[in-house]
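Participant: For reference, the structure I am asking about is given below.
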Amino acid sequence: MTQAADREYRLALRRTVTCGAAVRVLLLLLLLTLGRTLAEPYLMADDSAYEALAVRYLSFAERPIDPNALHLVGADAYLEPLWPCTVCLLAGLTGVAWALRLLNVLLSSLSVWVVAALAHEATGKATVGLRAARLMAYLPLSVCTALFPIKDIYLLLTVFVTLLLLVRLGNGKRVRASAWLCCIALTVGALYVRGAVVPFLTAYALCFALRRCCRAGRWLTALVLLLGGGLIAYLARDLILGELTAKLDAYGEYAYLDSNVSRLQMRSPGEIWKLPAAYLWATLQPIRLPLLSPSGATLWWDVLSLLNLSILPVAVANALYTVLKKEQPLLFWCGFILYASVITLSLGVFRHYLFLFPLEVLNAAICMERTRRQGGGILLLGSAGILLALALYSML
């Protein structure tokens with residue numbers, strides 16, 4: 001890329017990130033003002049519980065950061081306490097219970113840049129990076145979820161900052177110490193947000209480091225890394241197994257919440273044949289069926305479910321990319337394994353795999369770049385076919 005082209009790419013990316021942030025801030029203000037005349041500004045029950053916790057903290061706290069008040073309201077008693085404590089502390093520092101929504105807007109806006117940088121790094125193409133940025137900046141799923149006080153945006157940013165640094169490392173580029181420190185801090189935080197993700201990220205870091213050593217012919221270093229990784233896994237086996245067992249117990253109930261999901265949910269290794277359909281279903285979420293009937297959830301959930309029909313071309317492109325040649329095979333398979341693991345446990349609750357949504361965006365951006373000469377006909381045809389199937393199902 002020439003210097004002029006690089007400058008143009010950076011300006012376009014900055015404009016996309018800025019516009020995406022502006023859209024989020026504007027919609028948040030509308031949600032908290034005019035939106036309150038329609039319904040309470042919550043997506044799910046967890047959102048309401050977090051802000052109720054913040055309100056209680058404000059009533060007990062004698063100063064903005066009050067450890068005693070955190071204990072009194074039970075924020076430090078959660079199994080994964082980082083997010084409840086963050087809810088309370090931000091409320092204490094700002095004086096408003098909804099301050100965490102502003103943090104999510106900021107994190108979501110940062111994720112636009114991170115996913116664009118990952119797409120650019122993985123493919124070497126500025127057009128793919130910009131397409132990924134625009135999808136992340138403007139798709140309703142990315143925009144709307146940032147307006148609510150959920151922890152998944154933080155987890156999303158953590159995972160994709162880690163993947164970005166690993167891909168840069170794998171490409172033989174130097175990564176600043178400050179970037180690694182930021183990544184480590186985010187990952188340590190993720191231990192107290194959704195700890196089961198951290199072993200995956202650790203394993204991926206080992207895989208990328210091993211690949212770089214093998215490419216450079218540093219076999220002794222690769223052997224030391226492999227033995228070190230095995231030793232860490234052995235020493236942390238109880239912690240890892242305990243975390244996985246906790247997630248199995250917590251997520252097991254979700255497999256049968258919805259009859260549509262129960263048909264696709266894998267309940268044993270012998271049902272691995274369901275994985276392609278389960279994967280496609282997950283990439284379409286959240287979409288309610290029947291399409292035009294109320295879901296019984298919150299108004300904003302129904303609005304998001306309807307707006308998310310816009311995800312159809314992205315989901316089709318993502319599915320098509322799974323059978324095409326991969327730009328970064330290690331990156332693809334690392335992401336796919338994590339995605340498959342999560343939907344195997346919890347296909348029925350899209351919030352549990354919302355943090356992996358940028359994988360869909362990344363794959364779709366690469367696929368759209370490859371198919372643009374055909375005018376997107378395959379994507380339009382596939383989207384129309386899925387929409388027709390959803391409509392027919394809704395009429396049954």
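A note on labels: chains of the structure tokens are A, B, ... as shown, every chain counts residues from 1, and ligands are counted from 1 in their shown order.
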If you count only C-alpha atoms, which residues fall within 12 Å of A:Thr202, apart from same-chain ones fewer than 3 positions away, as JSON, numbers by chain?
Facilitator: {"A": [159, 162, 163, 166, 183, 184, 187, 188, 191, 195, 196, 197, 198, 199, 205, 206, 207, 208, 209, 228, 229, 230, 232, 233, 236, 240, 334]}
Participant: Atoms to include: C-alpha atoms. Write the selected residues as a PDB file, in the first residue's frame.
Facilitator:
```pdb
ATOM      1  CA  VAL A 159     -11.067 -11.501  22.611  1.00  0.00           C
ATOM      2  CA  THR A 162      -5.955 -10.651  21.758  1.00  0.00           C
ATOM      3  CA  LEU A 163      -6.545 -12.107  18.293  1.00  0.00           C
ATOM      4  CA  LEU A 166      -1.595 -12.739  17.893  1.00  0.00           C
ATOM      5  CA  CYS A 183      -4.146  -7.217  26.358  1.00  0.00           C
ATOM      6  CA  ILE A 184      -3.037  -8.933  29.571  1.00  0.00           C
ATOM      7  CA  THR A 187      -7.645 -10.902  29.761  1.00  0.00           C
ATOM      8  CA  VAL A 188      -7.200 -10.868  33.542  1.00  0.00           C
ATOM      9  CA  LEU A 191     -11.312 -14.127  34.208  1.00  0.00           C
ATOM     10  CA  GLY A 195     -13.497 -17.099  32.891  1.00  0.00           C
ATOM     11  CA  ALA A 196     -14.047 -20.082  30.588  1.00  0.00           C
ATOM     12  CA  VAL A 197     -12.909 -17.978  27.601  1.00  0.00           C
ATOM     13  CA  VAL A 198      -9.422 -17.368  29.024  1.00  0.00           C
ATOM     14  CA  PRO A 199      -8.113 -20.967  28.578  1.00  0.00           C
ATOM     15  CA  ALA A 205      -1.512 -17.647  22.071  1.00  0.00           C
ATOM     16  CA  LEU A 206       0.503 -20.858  22.365  1.00  0.00           C
ATOM     17  CA  CYS A 207      -0.596 -21.994  18.885  1.00  0.00           C
ATOM     18  CA  PHE A 208       0.412 -18.708  17.236  1.00  0.00           C
ATOM     19  CA  ALA A 209       3.750 -18.653  19.078  1.00  0.00           C
ATOM     20  CA  GLY A 228       5.580 -25.178  29.153  1.00  0.00           C
ATOM     21  CA  GLY A 229       2.044 -25.052  27.832  1.00  0.00           C
ATOM     22  CA  GLY A 230       1.471 -28.661  28.769  1.00  0.00           C
ATOM     23  CA  ILE A 232       0.560 -24.987  32.766  1.00  0.00           C
ATOM     24  CA  ALA A 233      -2.466 -26.971  31.546  1.00  0.00           C
ATOM     25  CA  ALA A 236      -4.364 -25.590  36.120  1.00  0.00           C
ATOM     26  CA  ILE A 240     -10.101 -25.432  34.002  1.00  0.00           C
ATOM     27  CA  CYS A 334      -9.293 -20.881  16.445  1.00  0.00           C
TER      28      CYS A 334
END
```
Participant: With DSSP run on the backbone, what are the alpha helix (DSSP H) residues within stretch 288-332 of chain A? I'd like them as number ranges by chain.
Facilitator: A: 299-307, 312-321, 329-332
Participant: Go ahead and save the picked residues with N, CA and C atoms, as a short mmCIF file (atom, residue, chain, number, x, y, z; two decimals), in the first residue's frame.
Facilitator:
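Written output follows (selection.cif):
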```cif
data_model
loop_
_atom_site.label_atom_id
_atom_site.label_comp_id
_atom_site.auth_asym_id
_atom_site.auth_seq_id
_atom_site.Cartn_x
_atom_site.Cartn_y
_atom_site.Cartn_z
N LEU A 299 -39.76 -5.01 24.72
CA LEU A 299 -40.00 -4.34 23.43
C LEU A 299 -38.70 -4.21 22.65
N TRP A 300 -37.61 -3.86 23.33
CA TRP A 300 -36.36 -3.61 22.63
C TRP A 300 -35.76 -4.90 22.10
N TRP A 301 -36.06 -6.01 22.76
CA TRP A 301 -35.65 -7.31 22.22
C TRP A 301 -36.38 -7.59 20.92
N ASP A 302 -37.69 -7.29 20.89
CA ASP A 302 -38.46 -7.50 19.66
C ASP A 302 -37.97 -6.59 18.54
N VAL A 303 -37.65 -5.34 18.88
CA VAL A 303 -37.13 -4.41 17.87
C VAL A 303 -35.81 -4.90 17.31
N LEU A 304 -34.90 -5.34 18.19
CA LEU A 304 -33.62 -5.85 17.72
C LEU A 304 -33.80 -7.10 16.87
N SER A 305 -34.70 -7.99 17.28
CA SER A 305 -34.93 -9.22 16.52
C SER A 305 -35.42 -8.92 15.11
N LEU A 306 -36.26 -7.90 14.98
CA LEU A 306 -36.76 -7.53 13.66
C LEU A 306 -35.68 -6.84 12.83
N LEU A 307 -34.97 -5.90 13.44
CA LEU A 307 -33.90 -5.20 12.72
C LEU A 307 -32.79 -6.15 12.29
N LEU A 312 -28.84 -11.17 7.35
CA LEU A 312 -28.91 -12.31 6.43
C LEU A 312 -27.76 -12.35 5.42
N PRO A 313 -27.44 -11.26 4.69
CA PRO A 313 -26.31 -11.33 3.75
C PRO A 313 -24.99 -11.63 4.45
N VAL A 314 -24.82 -11.09 5.65
CA VAL A 314 -23.58 -11.34 6.39
C VAL A 314 -23.50 -12.81 6.79
N ALA A 315 -24.61 -13.38 7.25
CA ALA A 315 -24.62 -14.79 7.65
C ALA A 315 -24.36 -15.69 6.45
N VAL A 316 -24.93 -15.35 5.31
CA VAL A 316 -24.70 -16.15 4.09
C VAL A 316 -23.23 -16.07 3.68
N ALA A 317 -22.66 -14.87 3.69
CA ALA A 317 -21.26 -14.71 3.34
C ALA A 317 -20.36 -15.46 4.31
N ASN A 318 -20.69 -15.41 5.59
CA ASN A 318 -19.94 -16.14 6.59
C ASN A 318 -19.99 -17.64 6.34
N ALA A 319 -21.18 -18.16 6.03
CA ALA A 319 -21.33 -19.59 5.75
C ALA A 319 -20.55 -19.98 4.49
N LEU A 320 -20.60 -19.13 3.48
CA LEU A 320 -19.87 -19.42 2.23
C LEU A 320 -18.37 -19.45 2.47
N TYR A 321 -17.88 -18.57 3.34
CA TYR A 321 -16.44 -18.50 3.61
C TYR A 321 -15.93 -19.80 4.25
N PRO A 329 -5.73 -19.54 8.04
CA PRO A 329 -6.35 -20.78 8.53
C PRO A 329 -6.32 -20.92 10.05
N LEU A 330 -5.21 -20.56 10.69
CA LEU A 330 -5.13 -20.71 12.14
C LEU A 330 -6.13 -19.79 12.82
N LEU A 331 -6.24 -18.56 12.36
CA LEU A 331 -7.21 -17.63 12.93
C LEU A 331 -8.62 -18.16 12.74
N PHE A 332 -8.93 -18.65 11.55
CA PHE A 332 -10.28 -19.16 11.28
C PHE A 332 -10.62 -20.32 12.20
#
```
Participant: Show which residues sit within 8 Å of stretch 167-169 of chain A, as a PyMOL selection string. Count only C-alpha atoms, and ignore same-chain residues fewer than 2 positions away.
Facilitator: chain A and resi 118+121-122+163-165+171-175+208-209+212+331
Participant: Kindly save the residues from that selection, with N, CA and C atoms included, as a PDB file, in the first residue's frame.
Facilitator:
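File part12.pdb, as written:
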```pdb
ATOM      1  N   LEU A 118      -7.882  -6.051  12.553  1.00  0.00           N
ATOM      2  CA  LEU A 118      -7.699  -7.499  12.425  1.00  0.00           C
ATOM      3  C   LEU A 118      -7.952  -7.955  10.994  1.00  0.00           C
ATOM      4  N   GLU A 121      -5.051  -6.789   8.897  1.00  0.00           N
ATOM      5  CA  GLU A 121      -3.844  -7.558   9.210  1.00  0.00           C
ATOM      6  C   GLU A 121      -3.931  -8.970   8.662  1.00  0.00           C
ATOM      7  N   ALA A 122      -5.110  -9.562   8.725  1.00  0.00           N
ATOM      8  CA  ALA A 122      -5.280 -10.951   8.291  1.00  0.00           C
ATOM      9  C   ALA A 122      -5.219 -11.101   6.781  1.00  0.00           C
ATOM     10  N   LEU A 163      -6.732 -11.516  19.619  1.00  0.00           N
ATOM     11  CA  LEU A 163      -6.545 -12.107  18.293  1.00  0.00           C
ATOM     12  C   LEU A 163      -5.764 -11.173  17.368  1.00  0.00           C
ATOM     13  N   LEU A 164      -6.022  -9.876  17.467  1.00  0.00           N
ATOM     14  CA  LEU A 164      -5.284  -8.914  16.628  1.00  0.00           C
ATOM     15  C   LEU A 164      -3.791  -8.975  16.926  1.00  0.00           C
ATOM     16  N   LEU A 165      -3.430  -8.976  18.204  1.00  0.00           N
ATOM     17  CA  LEU A 165      -2.014  -9.014  18.558  1.00  0.00           C
ATOM     18  C   LEU A 165      -1.383 -10.344  18.149  1.00  0.00           C
ATOM     19  N   ASN A 171       2.366 -12.782  11.885  1.00  0.00           N
ATOM     20  CA  ASN A 171       2.828 -12.204  10.626  1.00  0.00           C
ATOM     21  C   ASN A 171       4.261 -11.692  10.713  1.00  0.00           C
ATOM     22  N   GLY A 172       4.894 -11.919  11.871  1.00  0.00           N
ATOM     23  CA  GLY A 172       6.290 -11.524  12.033  1.00  0.00           C
ATOM     24  C   GLY A 172       6.493 -10.074  12.395  1.00  0.00           C
ATOM     25  N   LYS A 173       5.456  -9.401  12.830  1.00  0.00           N
ATOM     26  CA  LYS A 173       5.566  -7.986  13.180  1.00  0.00           C
ATOM     27  C   LYS A 173       5.812  -7.828  14.679  1.00  0.00           C
ATOM     28  N   ARG A 174       6.453  -6.735  15.024  1.00  0.00           N
ATOM     29  CA  ARG A 174       6.674  -6.426  16.434  1.00  0.00           C
ATOM     30  C   ARG A 174       5.408  -5.841  17.045  1.00  0.00           C
ATOM     31  N   VAL A 175       5.142  -6.219  18.272  1.00  0.00           N
ATOM     32  CA  VAL A 175       3.995  -5.689  19.003  1.00  0.00           C
ATOM     33  C   VAL A 175       4.523  -4.941  20.224  1.00  0.00           C
ATOM     34  N   PHE A 208      -0.199 -19.719  18.097  1.00  0.00           N
ATOM     35  CA  PHE A 208       0.412 -18.708  17.236  1.00  0.00           C
ATOM     36  C   PHE A 208       1.916 -18.615  17.483  1.00  0.00           C
ATOM     37  N   ALA A 209       2.320 -18.709  18.760  1.00  0.00           N
ATOM     38  CA  ALA A 209       3.750 -18.653  19.078  1.00  0.00           C
ATOM     39  C   ALA A 209       4.477 -19.868  18.502  1.00  0.00           C
ATOM     40  N   ARG A 212       4.938 -19.452  14.747  1.00  0.00           N
ATOM     41  CA  ARG A 212       6.004 -18.512  14.411  1.00  0.00           C
ATOM     42  C   ARG A 212       7.365 -19.166  14.619  1.00  0.00           C
ATOM     43  N   LEU A 331      -6.240 -18.563  12.357  1.00  0.00           N
ATOM     44  CA  LEU A 331      -7.207 -17.629  12.926  1.00  0.00           C
ATOM     45  C   LEU A 331      -8.625 -18.159  12.738  1.00  0.00           C
TER      46      LEU A 331
END
```
Participant: Name the residues in contact with A:Arg194 at a cut-off of 12 Å, using only C-alpha atoms, excluding same-chain residues fewer than 5 positions from it; report them as a PyMOL selection string.
Facilitator: chain A and resi 78-83+151-156+158-159+186-189+199-200+243-244+246-247+342+352-353+355
Participant: For A:Glu62, which residue out of A:Leu93, A:Leu392, A:Ile386, A:Val25 is the nearest one, using only C-alpha atoms?
Facilitator: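 Smallest separation from A:Glu62 among the options: A:Leu93.
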Participant: Within 12 Å of A:Ala45, counting only C-alpha atoms, which residues qualify if same-chain residues fewer than 6 places away don't, as a list of chain:residue names?
Facilitator: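 The residues satisfying every condition are A:Glu51, A:Ala52, A:Phe148, A:Pro149, A:Ile150, A:Ala297, A:Thr298, A:Trp300, A:Trp301.
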Participant: What would the file look like if the residues just selected were written as an mmCIF file, in the first residue's frame with C-alpha atoms?
Facilitator:
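Final output, selection10.cif:
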```cif
data_model
loop_
_atom_site.group_PDB
_atom_site.id
_atom_site.type_symbol
_atom_site.label_atom_id
_atom_site.label_comp_id
_atom_site.auth_asym_id
_atom_site.auth_seq_id
_atom_site.Cartn_x
_atom_site.Cartn_y
_atom_site.Cartn_z
ATOM 1 C CA GLU A 51 -28.894 -1.067 37.019
ATOM 2 C CA ALA A 52 -30.943 -1.968 40.097
ATOM 3 C CA PHE A 148 -27.490 -1.775 27.207
ATOM 4 C CA PRO A 149 -25.406 -2.502 30.322
ATOM 5 C CA ILE A 150 -24.327 -6.005 29.311
ATOM 6 C CA ALA A 297 -39.635 -10.530 25.902
ATOM 7 C CA THR A 298 -38.977 -6.790 26.144
ATOM 8 C CA TRP A 300 -36.362 -3.613 22.632
ATOM 9 C CA TRP A 301 -35.648 -7.314 22.222
#
```
